[in-house]
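Asker: So that we are looking at the same thing, I have put the structure below in structure tokens.
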Amino acid sequence: MDNDYIMEQMKQENRRPVVVGIGELLWDLLPSGKTAGGAPINFVYHASRLGGEGYAITAIGDDDNGREILGELDKNNIRYLIEKLPYPTGTVRVAINGEGIPQYTITERVAWDHMSPTADAVDLAERADVICFGALAQRSQQSRETIQAILSFAPNSAYRLFDINCVSIIIIRY
């Protein structure tokens with residue numbers, strides 16, 4: 001199927017494309033303050049703003065950061081399937097070096113490292129027109145297997161977008 005056919009079919013059915021982001025939802029701790037981030041969820045945000053029916057599949061901690069980041073999703077009208085787990089909500093400390101280049105310190109063993117393939121996530125994947133996922137959320141075996149399992153239920157016609165995340169990072173292990 002080509003893009004024009006798919007878009008025409010959606011118009012005739014009067015439906016918006018279902019756009020799913022699977023993976024990291026985190027706080028970017030910038031020198032200017034914190035902001036919600038994570039490539040797959042950022043993609044969903046922009047797709048939603050352009051008229052897509054956007055969903056985030058991820059996990060957060062049962063902590064203040066997790067509750068606060070859910071508020072950000074609600075404020076931006078992003079739908080979500082989010083597990084609350086006994087791990088901290090993800091954070092990335094961003095520092096800007098003397099040349100203006102950002103350096104990222106990414107915390108490990110956070111909630112999205114422990115996602116599981118829920119029945120609701122599988123049901124959503126079966127309806128997806130586009131799924132965005134990335135390399136970062138696949139750093140742990142559990143979340144990698146979860147992402148791959150959910151992807152396996154997406155229709156063959158669904159676009160799969162992979163964020164390779166080519167940045168210089170420092171991993172903090174707790």
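Labeling convention for the structure tokens: chains A, B, ... as they appear, residues from 1 per chain, ligands from 1 in order of appearance.
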Looking only at the backbone, which of the residues in stretch 93-150 of chain A does DSSP tag as strand (DSSP E or B), as a list of chain:residue names?
Answerer: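 Output for stretch 93-150 of chain A, strand (DSSP E or B) only: A:Arg93, A:Val94, A:Ala95, A:Ile96, A:Pro102, A:Gln103, A:Tyr104, A:Thr105, A:Ile106, A:Thr107, A:Val130, A:Ile131, A:Cys132, A:Phe133, A:Gly134.
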Asker: I want to know what sits within 9 Å of stretch 120-133 of chain A, based on only C-alpha atoms, with residues of the same chain fewer than 2 positions away left out; could you give that as a PyMOL selection string?
Answerer: chain A and resi 17-24+39-41+43-44+55+57+81+117-118+135-138+147+149-155+157-164
Asker: I'd like the neighbourhood of A:Ile78 as a PyMOL selection string, where a residue qualifies if any of its atoms comes within 10 Å (using only C-alpha atoms), though same-chain residues fewer than 2 positions away should be ignored.
Answerer: chain A and resi 41+44-49+53-56+70+72-76+80
Asker: Selection from above, N, CA and C atoms, as a PDB file, in the first residue's frame, can you write it?
Answerer:
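Here's the written file out06.pdb:
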ATOM      1  N   ILE A  41       8.282   9.690  23.086  1.00  0.00           N
ATOM      2  CA  ILE A  41       7.170  10.465  23.621  1.00  0.00           C
ATOM      3  C   ILE A  41       7.159  11.861  22.991  1.00  0.00           C
ATOM      4  N   VAL A  44       5.397  11.442  19.763  1.00  0.00           N
ATOM      5  CA  VAL A  44       3.948  11.360  19.961  1.00  0.00           C
ATOM      6  C   VAL A  44       3.369  12.758  20.204  1.00  0.00           C
ATOM      7  N   TYR A  45       4.063  13.562  20.986  1.00  0.00           N
ATOM      8  CA  TYR A  45       3.604  14.922  21.249  1.00  0.00           C
ATOM      9  C   TYR A  45       3.428  15.691  19.937  1.00  0.00           C
ATOM     10  N   HIS A  46       4.445  15.668  19.092  1.00  0.00           N
ATOM     11  CA  HIS A  46       4.381  16.413  17.832  1.00  0.00           C
ATOM     12  C   HIS A  46       3.334  15.824  16.884  1.00  0.00           C
ATOM     13  N   ALA A  47       3.225  14.504  16.830  1.00  0.00           N
ATOM     14  CA  ALA A  47       2.211  13.880  15.973  1.00  0.00           C
ATOM     15  C   ALA A  47       0.806  14.254  16.449  1.00  0.00           C
ATOM     16  N   SER A  48       0.613  14.322  17.754  1.00  0.00           N
ATOM     17  CA  SER A  48      -0.690  14.714  18.304  1.00  0.00           C
ATOM     18  C   SER A  48      -1.022  16.158  17.939  1.00  0.00           C
ATOM     19  N   ARG A  49      -0.020  17.016  18.020  1.00  0.00           N
ATOM     20  CA  ARG A  49      -0.232  18.428  17.672  1.00  0.00           C
ATOM     21  C   ARG A  49      -0.600  18.586  16.194  1.00  0.00           C
ATOM     22  N   GLU A  53      -3.695  10.643  16.583  1.00  0.00           N
ATOM     23  CA  GLU A  53      -4.198  10.116  17.849  1.00  0.00           C
ATOM     24  C   GLU A  53      -3.001   9.477  18.536  1.00  0.00           C
ATOM     25  N   GLY A  54      -2.327  10.254  19.404  1.00  0.00           N
ATOM     26  CA  GLY A  54      -1.055   9.834  19.964  1.00  0.00           C
ATOM     27  C   GLY A  54      -1.159   9.141  21.305  1.00  0.00           C
ATOM     28  N   TYR A  55      -0.308   8.120  21.484  1.00  0.00           N
ATOM     29  CA  TYR A  55      -0.257   7.349  22.725  1.00  0.00           C
ATOM     30  C   TYR A  55       1.191   7.109  23.130  1.00  0.00           C
ATOM     31  N   ALA A  56       1.442   7.168  24.432  1.00  0.00           N
ATOM     32  CA  ALA A  56       2.743   6.825  24.994  1.00  0.00           C
ATOM     33  C   ALA A  56       2.619   5.494  25.733  1.00  0.00           C
ATOM     34  N   LEU A  70       3.220  12.734  34.661  1.00  0.00           N
ATOM     35  CA  LEU A  70       1.866  12.411  34.191  1.00  0.00           C
ATOM     36  C   LEU A  70       1.058  13.687  33.995  1.00  0.00           C
ATOM     37  N   GLU A  72       2.249  16.486  33.031  1.00  0.00           N
ATOM     38  CA  GLU A  72       2.704  17.074  31.761  1.00  0.00           C
ATOM     39  C   GLU A  72       2.010  16.409  30.574  1.00  0.00           C
ATOM     40  N   LEU A  73       1.872  15.084  30.629  1.00  0.00           N
ATOM     41  CA  LEU A  73       1.177  14.373  29.550  1.00  0.00           C
ATOM     42  C   LEU A  73      -0.286  14.809  29.484  1.00  0.00           C
ATOM     43  N   ASP A  74      -0.931  14.894  30.641  1.00  0.00           N
ATOM     44  CA  ASP A  74      -2.325  15.327  30.683  1.00  0.00           C
ATOM     45  C   ASP A  74      -2.473  16.745  30.136  1.00  0.00           C
ATOM     46  N   LYS A  75      -1.581  17.623  30.555  1.00  0.00           N
ATOM     47  CA  LYS A  75      -1.628  19.017  30.118  1.00  0.00           C
ATOM     48  C   LYS A  75      -1.486  19.137  28.598  1.00  0.00           C
ATOM     49  N   ASN A  76      -0.738  18.224  27.996  1.00  0.00           N
ATOM     50  CA  ASN A  76      -0.499  18.251  26.555  1.00  0.00           C
ATOM     51  C   ASN A  76      -1.393  17.288  25.775  1.00  0.00           C
ATOM     52  N   TYR A  80      -1.982   7.778  27.279  1.00  0.00           N
ATOM     53  CA  TYR A  80      -0.868   6.926  27.691  1.00  0.00           C
ATOM     54  C   TYR A  80      -1.324   5.617  28.306  1.00  0.00           C
TER      55      TYR A  80
END
Asker: Would you mind listing what lies within 12 Å of A:Leu29 as a list in words, with only C-alpha atoms counted and same-chain residues fewer than 4 positions away left out?
Answerer: Gly33, Lys34, Thr35, Ala36, Gly37, Gly38, Asn65, Gly90, Thr91, Val92, Arg93, Val94, Ala95, Ile96, Pro102, Gln103, Tyr104, Thr105, Ile106 and Thr107 of chain A
Asker: Since we have the selection now, will you write its residues out, keeping all heavy atoms, as a tab-separated table (two decimals), in the first residue's frame?
Answerer:
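Contents of part.tsv, as written:
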chain	number	residue	atom	x	y	z
A	33	GLY	N	16.37	24.34	33.97
A	33	GLY	CA	15.24	23.71	34.65
A	33	GLY	C	14.91	22.38	34.02
A	33	GLY	O	15.53	21.95	33.05
A	34	LYS	N	13.89	21.71	34.55
A	34	LYS	CA	13.56	20.39	34.01
A	34	LYS	C	12.41	20.48	33.03
A	34	LYS	O	11.52	21.32	33.14
A	34	LYS	CB	13.30	19.39	35.12
A	34	LYS	CG	12.02	19.50	35.87
A	34	LYS	CD	11.99	18.41	36.95
A	34	LYS	CE	10.70	18.42	37.72
A	34	LYS	NZ	10.66	17.39	38.74
A	35	THR	N	12.45	19.57	32.06
A	35	THR	CA	11.40	19.47	31.06
A	35	THR	C	11.18	18.00	30.72
A	35	THR	O	12.12	17.21	30.75
A	35	THR	CB	11.77	20.30	29.79
A	35	THR	OG1	10.66	20.27	28.89
A	35	THR	CG2	12.99	19.76	29.10
A	36	ALA	N	9.94	17.65	30.42
A	36	ALA	CA	9.62	16.26	30.07
A	36	ALA	C	10.27	15.92	28.73
A	36	ALA	O	10.31	16.75	27.82
A	36	ALA	CB	8.11	16.07	30.00
A	37	GLY	N	10.79	14.71	28.63
A	37	GLY	CA	11.45	14.30	27.40
A	37	GLY	C	11.41	12.80	27.18
A	37	GLY	O	10.72	12.08	27.87
A	38	GLY	N	12.19	12.39	26.20
A	38	GLY	CA	12.24	11.01	25.74
A	38	GLY	C	11.80	10.99	24.29
A	38	GLY	O	10.67	11.41	23.98
A	65	ASN	N	8.39	12.61	40.84
A	65	ASN	CA	8.71	12.85	39.43
A	65	ASN	C	7.72	12.16	38.50
A	65	ASN	O	7.35	12.72	37.46
A	65	ASN	CB	10.14	12.38	39.11
A	65	ASN	CG	11.19	13.41	39.47
A	65	ASN	OD1	10.90	14.60	39.60
A	65	ASN	ND2	12.42	12.95	39.63
A	90	GLY	N	12.59	8.07	35.23
A	90	GLY	CA	13.84	8.36	34.54
A	90	GLY	C	14.23	9.84	34.54
A	90	GLY	O	13.37	10.72	34.51
A	91	THR	N	15.54	10.07	34.60
A	91	THR	CA	16.09	11.42	34.51
A	91	THR	C	17.35	11.40	33.65
A	91	THR	O	18.05	10.39	33.58
A	91	THR	CB	16.46	12.00	35.89
A	91	THR	OG1	17.39	11.13	36.53
A	91	THR	CG2	15.24	12.21	36.77
A	92	VAL	N	17.59	12.53	33.01
A	92	VAL	CA	18.81	12.75	32.25
A	92	VAL	C	19.32	14.13	32.62
A	92	VAL	O	18.63	15.12	32.43
A	92	VAL	CB	18.56	12.69	30.72
A	92	VAL	CG1	19.83	13.04	29.96
A	92	VAL	CG2	18.05	11.32	30.31
A	93	ARG	N	20.52	14.17	33.18
A	93	ARG	CA	21.15	15.46	33.51
A	93	ARG	C	21.86	15.95	32.25
A	93	ARG	O	22.67	15.23	31.67
A	93	ARG	CB	22.13	15.31	34.66
A	93	ARG	CG	22.67	16.64	35.15
A	93	ARG	CD	23.28	16.56	36.53
A	93	ARG	NE	22.42	15.97	37.54
A	93	ARG	CZ	21.41	16.60	38.15
A	93	ARG	NH1	21.13	17.83	37.83
A	93	ARG	NH2	20.70	16.00	39.08
A	94	VAL	N	21.52	17.16	31.84
A	94	VAL	CA	22.10	17.74	30.63
A	94	VAL	C	22.99	18.91	31.03
A	94	VAL	O	22.53	19.85	31.68
A	94	VAL	CB	20.99	18.23	29.66
A	94	VAL	CG1	21.61	18.78	28.38
A	94	VAL	CG2	20.01	17.11	29.36
A	95	ALA	N	24.25	18.83	30.65
A	95	ALA	CA	25.20	19.91	30.89
A	95	ALA	C	25.67	20.43	29.54
A	95	ALA	O	25.77	19.66	28.57
A	95	ALA	CB	26.39	19.42	31.71
A	96	ILE	N	25.95	21.70	29.47
A	96	ILE	CA	26.44	22.30	28.24
A	96	ILE	C	27.92	22.63	28.45
A	96	ILE	O	28.26	23.37	29.38
A	96	ILE	CB	25.66	23.59	27.89
A	96	ILE	CG1	24.14	23.33	27.91
A	96	ILE	CG2	26.13	24.15	26.55
A	96	ILE	CD1	23.64	22.33	26.90
A	102	PRO	N	25.89	19.85	24.22
A	102	PRO	CA	25.30	19.19	25.39
A	102	PRO	C	25.96	17.85	25.69
A	102	PRO	O	26.38	17.13	24.79
A	102	PRO	CB	23.84	19.00	24.97
A	102	PRO	CG	23.84	19.03	23.49
A	102	PRO	CD	25.00	19.86	23.07
A	103	GLN	N	26.05	17.54	26.96
A	103	GLN	CA	26.52	16.23	27.43
A	103	GLN	C	25.44	15.67	28.33
A	103	GLN	O	24.89	16.38	29.18
A	103	GLN	CB	27.84	16.37	28.18
A	103	GLN	CG	28.96	16.86	27.28
A	103	GLN	CD	30.26	17.02	28.02
A	103	GLN	OE1	30.29	17.49	29.15
A	103	GLN	NE2	31.35	16.64	27.37
A	104	TYR	N	25.15	14.39	28.15
A	104	TYR	CA	24.02	13.77	28.82
A	104	TYR	C	24.49	12.73	29.83
A	104	TYR	O	25.29	11.87	29.50
A	104	TYR	CB	23.12	13.08	27.78
A	104	TYR	CG	22.65	14.02	26.69
A	104	TYR	CD1	23.37	14.18	25.51
A	104	TYR	CD2	21.49	14.75	26.85
A	104	TYR	CE1	22.94	15.04	24.52
A	104	TYR	CE2	21.05	15.62	25.88
A	104	TYR	CZ	21.78	15.76	24.71
A	104	TYR	OH	21.36	16.63	23.73
A	105	THR	N	23.96	12.80	31.03
A	105	THR	CA	24.18	11.79	32.05
A	105	THR	C	22.84	11.12	32.29
A	105	THR	O	21.92	11.72	32.84
A	105	THR	CB	24.73	12.42	33.34
A	105	THR	OG1	25.90	13.17	33.05
A	105	THR	CG2	25.05	11.34	34.37
A	106	ILE	N	22.74	9.87	31.84
A	106	ILE	CA	21.47	9.15	31.86
A	106	ILE	C	21.47	8.16	33.02
A	106	ILE	O	22.33	7.29	33.11
A	106	ILE	CB	21.25	8.42	30.52
A	106	ILE	CG1	21.30	9.43	29.37
A	106	ILE	CG2	19.94	7.65	30.54
A	106	ILE	CD1	21.25	8.80	28.00
A	107	THR	N	20.47	8.28	33.88
A	107	THR	CA	20.35	7.40	35.03
A	107	THR	C	19.85	6.03	34.60
A	107	THR	O	18.90	5.93	33.82
A	107	THR	CB	19.39	8.00	36.07
A	107	THR	OG1	19.81	9.33	36.37
A	107	THR	CG2	19.35	7.18	37.34
Asker: Go through A:Arg15, A:Ile101, A:Gly71, A:Ser143 one by one, measure the shortest atom-to-atom distance of each to A:Gly52 using only C-alpha atoms, and give the residue with the smallest value.
Answerer: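 Closest residue, counting only C-alpha atoms: A:Arg15.
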Asker: Go through A:Arg144, A:Arg16, A:Lys84, A:Arg139 and flag the residue nearest A:Ala59, using only C-alpha atoms for the distances.
Answerer: A:Lys84
Asker: Using only C-alpha atoms, which protein or nucleic acid residues come within 8 Å of A:Met115? Drop anything in the same chain fewer than 2 positions from it, and give the result as a PyMOL selection string.
Answerer: chain A and resi 58-59+83+111-113+117+142-143+146
Asker: Filtering to N, CA and C atoms, could you give me those residues as a CSV table (one decimal), in the first residue's frame?
Answerer:
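Here's the written file part.csv:
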chain,number,residue,atom,x,y,z
A,58,THR,N,5.0,3.4,28.3
A,58,THR,CA,6.2,3.5,29.0
A,58,THR,C,6.0,3.1,30.5
A,59,ALA,N,6.9,3.4,31.3
A,59,ALA,CA,6.8,3.1,32.7
A,59,ALA,C,7.4,4.3,33.5
A,83,GLU,N,2.8,2.0,33.1
A,83,GLU,CA,2.9,1.2,34.3
A,83,GLU,C,3.6,2.1,35.4
A,111,ALA,N,12.4,3.2,35.9
A,111,ALA,CA,11.1,2.5,35.7
A,111,ALA,C,11.0,2.0,34.2
A,112,TRP,N,11.4,2.8,33.2
A,112,TRP,CA,11.2,2.3,31.8
A,112,TRP,C,12.2,1.3,31.4
A,113,ASP,N,13.2,1.0,32.3
A,113,ASP,CA,14.1,-0.1,32.0
A,113,ASP,C,13.4,-1.4,32.4
A,117,PRO,N,5.1,-6.1,28.5
A,117,PRO,CA,4.2,-6.0,27.5
A,117,PRO,C,2.8,-6.3,28.0
A,142,GLN,N,15.0,-6.5,29.7
A,142,GLN,CA,13.5,-6.5,29.9
A,142,GLN,C,12.8,-5.5,29.0
A,143,SER,N,13.2,-4.3,28.9
A,143,SER,CA,12.5,-3.3,28.1
A,143,SER,C,12.7,-3.6,26.6
A,146,THR,N,10.3,-6.3,25.8
A,146,THR,CA,9.0,-5.7,25.8
A,146,THR,C,8.7,-4.9,24.5
Asker: Suppose you want the space between atom CA of A:Glu68 and atom CA of A:Leu85; what is it in Å?
Answerer: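 Between atom CA of A:Glu68 and atom CA of A:Leu85 the gap is 15.0 Å.
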Asker: Quick one, how far is atom CA of A:Ser140 from atom CA of A:Asp64?
Answerer: 23.6 Å
Asker: Taking the chain letters and numbering used in this document, name the residues of chain A that DSSP puts in alpha helix (DSSP H), as a ChimeraX atom specification.
Answerer: /A:3-12,39-49,64-75,119-127,141-151
Asker: Select, from A:His114, A:Glu145, A:Leu25, A:Gly51, the residue with the minimum atom-to-atom distance to A:Pro86, counting only C-alpha atoms.
Answerer: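 Among the listed residues, A:His114 lies closest to A:Pro86.
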